[in-house]
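Everything below belongs to data-v8.pdb, which stores PDB, C-alpha atoms.
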MODEL        1
ATOM      1  CA  MET A   1     -10.507   8.552  14.921
ATOM      2  CA  SER A   2      -8.790  11.053  12.592
ATOM      3  CA  ARG A   3      -6.253   8.363  11.545
ATOM      4  CA  LEU A   4      -9.154   6.043  10.629
ATOM      5  CA  ILE A   5     -10.764   8.763   8.526
ATOM      6  CA  PHE A   6      -7.368   9.448   6.910
ATOM      7  CA  THR A   7      -7.004   5.737   6.054
ATOM      8  CA  ILE A   8     -10.503   5.446   4.620
ATOM      9  CA  THR A   9      -9.993   8.592   2.552
ATOM     10  CA  ALA A  10      -6.628   7.307   1.330
ATOM     11  CA  LEU A  11      -8.184   4.012   0.269
ATOM     12  CA  ALA A  12     -10.933   5.789  -1.632
ATOM     13  CA  MET A  13      -8.359   7.957  -3.385
ATOM     14  CA  LEU A  14      -6.229   4.930  -4.213
ATOM     15  CA  ALA A  15      -9.179   3.383  -5.967
ATOM     16  CA  GLY A  16      -9.478   6.590  -7.988
ATOM     17  CA  THR A  17     -13.073   6.082  -9.076
ATOM     18  CA  THR A  18     -16.550   6.559  -7.703
ATOM     19  CA  LYS A  19     -16.799   2.779  -7.658
ATOM     20  CA  ALA A  20     -14.321   2.657  -4.756
ATOM     21  CA  ALA A  21     -17.088   1.707  -2.343
ATOM     22  CA  GLU A  22     -17.915  -1.313  -4.538
ATOM     23  CA  GLU A  23     -14.359  -2.643  -4.353
ATOM     24  CA  LYS A  24     -13.497  -4.957  -1.512
ATOM     25  CA  THR A  25     -10.135  -3.912  -0.197
ATOM     26  CA  LEU A  26      -7.703  -5.595   2.143
ATOM     27  CA  ALA A  27      -5.898  -2.699   3.851
ATOM     28  CA  LEU A  28      -2.644  -3.591   5.599
ATOM     29  CA  ARG A  29      -0.605  -1.406   7.949
ATOM     30  CA  ASP A  30       2.785  -1.635   9.630
ATOM     31  CA  THR A  31       1.243  -3.692  12.453
ATOM     32  CA  ASP A  32       0.546  -6.455   9.896
ATOM     33  CA  ASN A  33       4.257  -7.027   9.240
ATOM     34  CA  GLY A  34       5.109 -10.737   9.028
ATOM     35  CA  LYS A  35       1.487 -11.895   8.963
ATOM     36  CA  ALA A  36      -0.405 -13.997   6.431
ATOM     37  CA  PHE A  37      -3.784 -13.158   4.899
ATOM     38  CA  THR A  38      -6.240 -14.900   2.593
ATOM     39  CA  LEU A  39      -8.177 -13.111  -0.141
ATOM     40  CA  THR A  40     -11.562 -14.580  -0.890
ATOM     41  CA  ASP A  41     -13.470 -11.850  -2.699
ATOM     42  CA  GLU A  42     -11.281  -8.762  -2.215
ATOM     43  CA  ASN A  43     -10.037  -7.278  -5.435
ATOM     44  CA  LEU A  44      -7.454  -4.819  -4.104
ATOM     45  CA  VAL A  45      -4.677  -5.091  -1.534
ATOM     46  CA  VAL A  46      -3.396  -1.765  -0.221
ATOM     47  CA  ILE A  47      -0.340  -1.513   2.018
ATOM     48  CA  LEU A  48      -0.169   1.744   3.994
ATOM     49  CA  LEU A  49       3.146   2.374   5.748
ATOM     50  CA  PRO A  50       4.166   5.465   7.720
ATOM     51  CA  GLY A  51       7.166   7.395   6.500
ATOM     52  CA  ASN A  52       8.753  10.768   5.989
ATOM     53  CA  PRO A  53      10.413  11.522   2.634
ATOM     54  CA  THR A  54      12.037  14.691   4.030
ATOM     55  CA  THR A  55      14.547  12.332   5.678
ATOM     56  CA  GLY A  56      15.467  10.880   2.277
ATOM     57  CA  TYR A  57      13.761   7.572   3.067
ATOM     58  CA  SER A  58      10.888   6.118   1.100
ATOM     59  CA  TRP A  59       9.092   2.777   0.867
ATOM     60  CA  LYS A  60       9.655   0.719  -2.279
ATOM     61  CA  VAL A  61       8.409  -2.700  -3.346
ATOM     62  CA  ALA A  62      11.543  -4.848  -3.109
ATOM     63  CA  SER A  63       9.878  -7.975  -4.488
ATOM     64  CA  VAL A  64       6.660  -9.890  -5.006
ATOM     65  CA  GLU A  65       7.417 -13.597  -4.903
ATOM     66  CA  GLY A  66       4.775 -15.799  -6.483
ATOM     67  CA  ARG A  67       2.234 -15.251  -9.239
ATOM     68  CA  ALA A  68      -0.841 -14.519  -7.131
ATOM     69  CA  LEU A  69      -0.458 -10.720  -6.942
ATOM     70  CA  ALA A  70       0.761  -7.982  -9.245
ATOM     71  CA  VAL A  71       1.932  -4.504  -8.264
ATOM     72  CA  GLU A  72      -0.402  -1.837  -9.580
ATOM     73  CA  GLY A  73       1.246   1.507 -10.240
ATOM     74  CA  GLU A  74       3.915   3.177  -8.147
ATOM     75  CA  VAL A  75       4.221   3.501  -4.397
ATOM     76  CA  ASN A  76       2.679   6.903  -3.625
ATOM     77  CA  TYR A  77       3.249   9.250  -0.720
ATOM     78  CA  LEU A  78       0.184  10.832   0.898
ATOM     79  CA  LYS A  79       0.740  13.818   3.189
ATOM     80  CA  GLU A  80      -1.258  14.381   6.325
ATOM     81  CA  ASP A  81      -3.779  17.218   6.176
ATOM     82  CA  PRO A  82      -1.756  20.492   6.271
ATOM     83  CA  ALA A  83      -4.078  21.920   8.921
ATOM     84  CA  LEU A  84      -3.119  19.084  11.269
ATOM     85  CA  ARG A  85       0.511  18.457  10.391
ATOM     86  CA  LYS A  86       3.656  20.027  11.745
ATOM     87  CA  THR A  87       6.645  21.025   9.642
ATOM     88  CA  GLY A  88       8.699  17.966   8.765
ATOM     89  CA  SER A  89       6.053  15.504   9.917
ATOM     90  CA  GLY A  90       5.449  12.427   7.844
ATOM     91  CA  GLY A  91       2.523  10.817   6.154
ATOM     92  CA  VAL A  92       1.870   7.428   4.645
ATOM     93  CA  PHE A  93       3.251   5.546   1.648
ATOM     94  CA  ALA A  94       0.637   3.518  -0.213
ATOM     95  CA  ALA A  95       1.204   0.528  -2.499
ATOM     96  CA  ASN A  96      -1.541  -1.243  -4.483
ATOM     97  CA  PHE A  97      -1.610  -4.904  -5.490
ATOM     98  CA  ARG A  98      -4.178  -6.787  -7.580
ATOM     99  CA  PRO A  99      -4.830 -10.520  -7.455
ATOM    100  CA  LYS A 100      -4.012 -12.157 -10.779
ATOM    101  CA  ASP A 101      -3.859 -15.921 -10.118
ATOM    102  CA  ALA A 102      -4.827 -18.354  -7.397
ATOM    103  CA  GLY A 103      -1.901 -19.123  -5.120
ATOM    104  CA  LYS A 104       0.389 -17.351  -2.671
ATOM    105  CA  ALA A 105       2.511 -14.245  -2.928
ATOM    106  CA  LEU A 106       5.106 -12.856  -0.549
ATOM    107  CA  ILE A 107       5.336  -9.068  -0.693
ATOM    108  CA  ILE A 108       8.531  -7.493   0.605
ATOM    109  CA  MET A 109       8.854  -3.725   0.958
ATOM    110  CA  GLU A 110      11.908  -1.753   2.061
ATOM    111  CA  TYR A 111      12.277   1.686   3.637
ATOM    112  CA  ARG A 112      15.552   3.072   2.365
ATOM    113  CA  ARG A 113      17.428   5.983   0.870
ATOM    114  CA  PRO A 114      17.918   5.393  -2.862
ATOM    115  CA  TRP A 115      21.558   6.557  -2.860
ATOM    116  CA  GLU A 116      22.560   4.104  -0.110
ATOM    117  CA  LYS A 117      22.675   1.085  -2.412
ATOM    118  CA  ASN A 118      25.145  -0.959  -0.329
ATOM    119  CA  GLN A 119      23.376  -0.337   2.977
ATOM    120  CA  PRO A 120      20.652  -2.551   4.431
ATOM    121  CA  ALA A 121      17.146  -1.128   4.479
ATOM    122  CA  ALA A 122      16.288   0.903   7.581
ATOM    123  CA  LYS A 123      12.998  -1.050   7.836
ATOM    124  CA  THR A 124      11.413  -3.947   6.021
ATOM    125  CA  PHE A 125       7.804  -5.013   5.743
ATOM    126  CA  SER A 126       6.686  -8.413   4.523
ATOM    127  CA  VAL A 127       3.339 -10.092   4.236
ATOM    128  CA  THR A 128       2.089 -13.292   2.646
ATOM    129  CA  VAL A 129      -1.204 -13.168   0.764
ATOM    130  CA  GLU A 130      -3.031 -16.237  -0.467
ATOM    131  CA  VAL A 131      -5.501 -15.740  -3.299
ATOM    132  CA  LYS A 132      -8.139 -18.485  -3.081
ATOM    133  CA  ALA A 133      -9.523 -18.278  -6.618
ATOM    134  CA  ALA A 134      -8.323 -16.774  -9.856
ATOM    135  CA  PRO A 135      -9.854 -13.304 -10.029
ATOM    136  CA  ALA A 136     -12.326 -12.221 -12.664
ATOM    137  CA  THR A 137     -11.356  -9.319 -14.879
ATOM    138  CA  ARG A 138     -11.237  -6.205 -12.759
ATOM    139  CA  PRO A 139     -10.943  -2.574 -13.775
ATOM    140  CA  THR A 140      -7.611  -0.949 -13.063
ATOM    141  CA  THR A 141      -7.570   2.073 -10.832
ATOM    142  CA  ARG A 142      -5.539   5.233 -10.675
ATOM    143  CA  PRO A 143      -3.114   5.439  -7.752
ATOM    144  CA  ALA A 144      -3.458   8.291  -5.313
ATOM    145  CA  THR A 145      -1.569  11.399  -6.372
ATOM    146  CA  THR A 146      -3.063  13.998  -4.044
ATOM    147  CA  ARG A 147      -3.338  14.498  -0.333
ATOM    148  CA  PRO A 148      -6.392  13.044   1.395
ATOM    149  CA  SER A 149      -8.470  15.269   3.624
ATOM    150  CA  LYS A 150      -9.497  14.390   7.139
TER     151      LYS A 150
ENDMDL
END

The structure in this file should be written as structure tokens.
Amino acid sequence: MSRLIFTITALAMLAGTTKAAEEKTLALRDTDNGKAFTLTDENLVVILLPGNPTTGYSWKVASVEGRALAVEGEVNYLKEDPALRKTGSGGVFAANFRPKDAGKALIIMEYRRPWEKNQPAAKTFSVTVEVKAAPATRPTTRPATTRPSK
């Protein structure tokens, strides 16, 4: 239950406005790796992947193939609530994407150390998203920059 509350809080923070409840969000997690999704009226795709930057690893958007989605902002790291976390424990990396055209997009993310340029990623995450209709103009949001509470 606390992980669900953490996710909901993270999504609200990612939206960055009081209108977060009005936005329809497709939230994807590591268990969605390799799957395909269709957006009908959602106006935000958020990918939440577990990680621990104290190991030197972080999630980065490797590529977005297709014109249907655009990356919005940077991938942000959200720590677990300090009252519940142990020293060295991880949190979640969050990446936002906005629909921009009808069509399909393949999102590929990699979990890697930035200085290991010639090494394969420790983990990869990919998902295909189909946007059914060209989106109307949507307000941009501020990415999360602070820790969510539980």

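Those residues that approach Trp59 of chain A to within 8 Å, counting all atoms listed in the file, are Leu49, Gly51, Tyr57, Val61, Val75, Phe93, Met109, Glu110, Tyr111 and Arg112 of chain A; same-chain residues fewer than 2 positions away are not listed.
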
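For the structure in this document, the set picked by the PyMOL selection byres ((chain A and resi 102) around 6) is A:Ala68, A:Asp101, A:Gly103, A:Val131, A:Lys132, A:Ala133, A:Ala134.
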
Could those residues be written to a file, using C-alpha atoms, as a PDB file, in the frame of the given file?
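And here's selection_34.pdb as it stands now:
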ATOM      1  CA  ALA A  68      -0.841 -14.519  -7.131  1.00  0.00           C
ATOM      2  CA  ASP A 101      -3.859 -15.921 -10.118  1.00  0.00           C
ATOM      3  CA  GLY A 103      -1.901 -19.123  -5.120  1.00  0.00           C
ATOM      4  CA  VAL A 131      -5.501 -15.740  -3.299  1.00  0.00           C
ATOM      5  CA  LYS A 132      -8.139 -18.485  -3.081  1.00  0.00           C
ATOM      6  CA  ALA A 133      -9.523 -18.278  -6.618  1.00  0.00           C
ATOM      7  CA  ALA A 134      -8.323 -16.774  -9.856  1.00  0.00           C
TER       8      ALA A 134
END

Residue contacts of Trp115 of chain A (12 Å, only C-alpha atoms) excluding same-chain residues fewer than 5 positions away, as number ranges by chain
A: 56-58, 120-121

Based on the selection just made, write C-alpha atoms of those residues as a short mmCIF file (atom, residue, chain, number, x, y, z; two decimals), keeping the file's coordinate frame.
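As a result, again-v7.cif now contains:
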data_model
loop_
_atom_site.label_atom_id
_atom_site.label_comp_id
_atom_site.auth_asym_id
_atom_site.auth_seq_id
_atom_site.Cartn_x
_atom_site.Cartn_y
_atom_site.Cartn_z
CA GLY A 56 15.47 10.88 2.28
CA TYR A 57 13.76 7.57 3.07
CA SER A 58 10.89 6.12 1.10
CA PRO A 120 20.65 -2.55 4.43
CA ALA A 121 17.15 -1.13 4.48
#

For the PyMOL selection byres ((chain A and resi 48) around 9), applied here, can you spell out every residue it catches as a count of residues only?
14

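Put simply, atom CA of Leu106 of chain A is 24.2 Å away from atom CA of Leu78 of chain A.
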
I need the output of the PyMOL selection byres ((chain A and resi 54) around 9) for this file as a list of chain:residue names; which residues are they?
A:Asn52, A:Pro53, A:Thr55, A:Gly56, A:Tyr57, A:Gly88, A:Ser89, A:Gly90

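With all atoms listed in the file as the basis for measurement, A:Asn43 is the residue among A:Phe37, A:Ser126, A:Asn76, A:Asn43 that approaches Thr25 of chain A most closely.
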
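For the residues A:Glu80, A:Glu130, A:Ala70, A:Phe125, ranking by smallest atom-to-atom distance to Thr31 of chain A using all atoms listed in the file places A:Phe125 first.
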
Show me as a PyMOL selection string the residues that reach within 12 Å of (-3.9, -18.5, 9.0), counting only C-alpha atoms and using the file's own coordinates.
chain A and resi 34-39+128-130

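Note that atom CA of Lys60 of chain A and atom CA of Gly73 of chain A are 11.6 Å apart.
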
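Atom to atom, atom CA of Asn96 of chain A and atom CA of Ser63 of chain A stand 13.3 Å apart.
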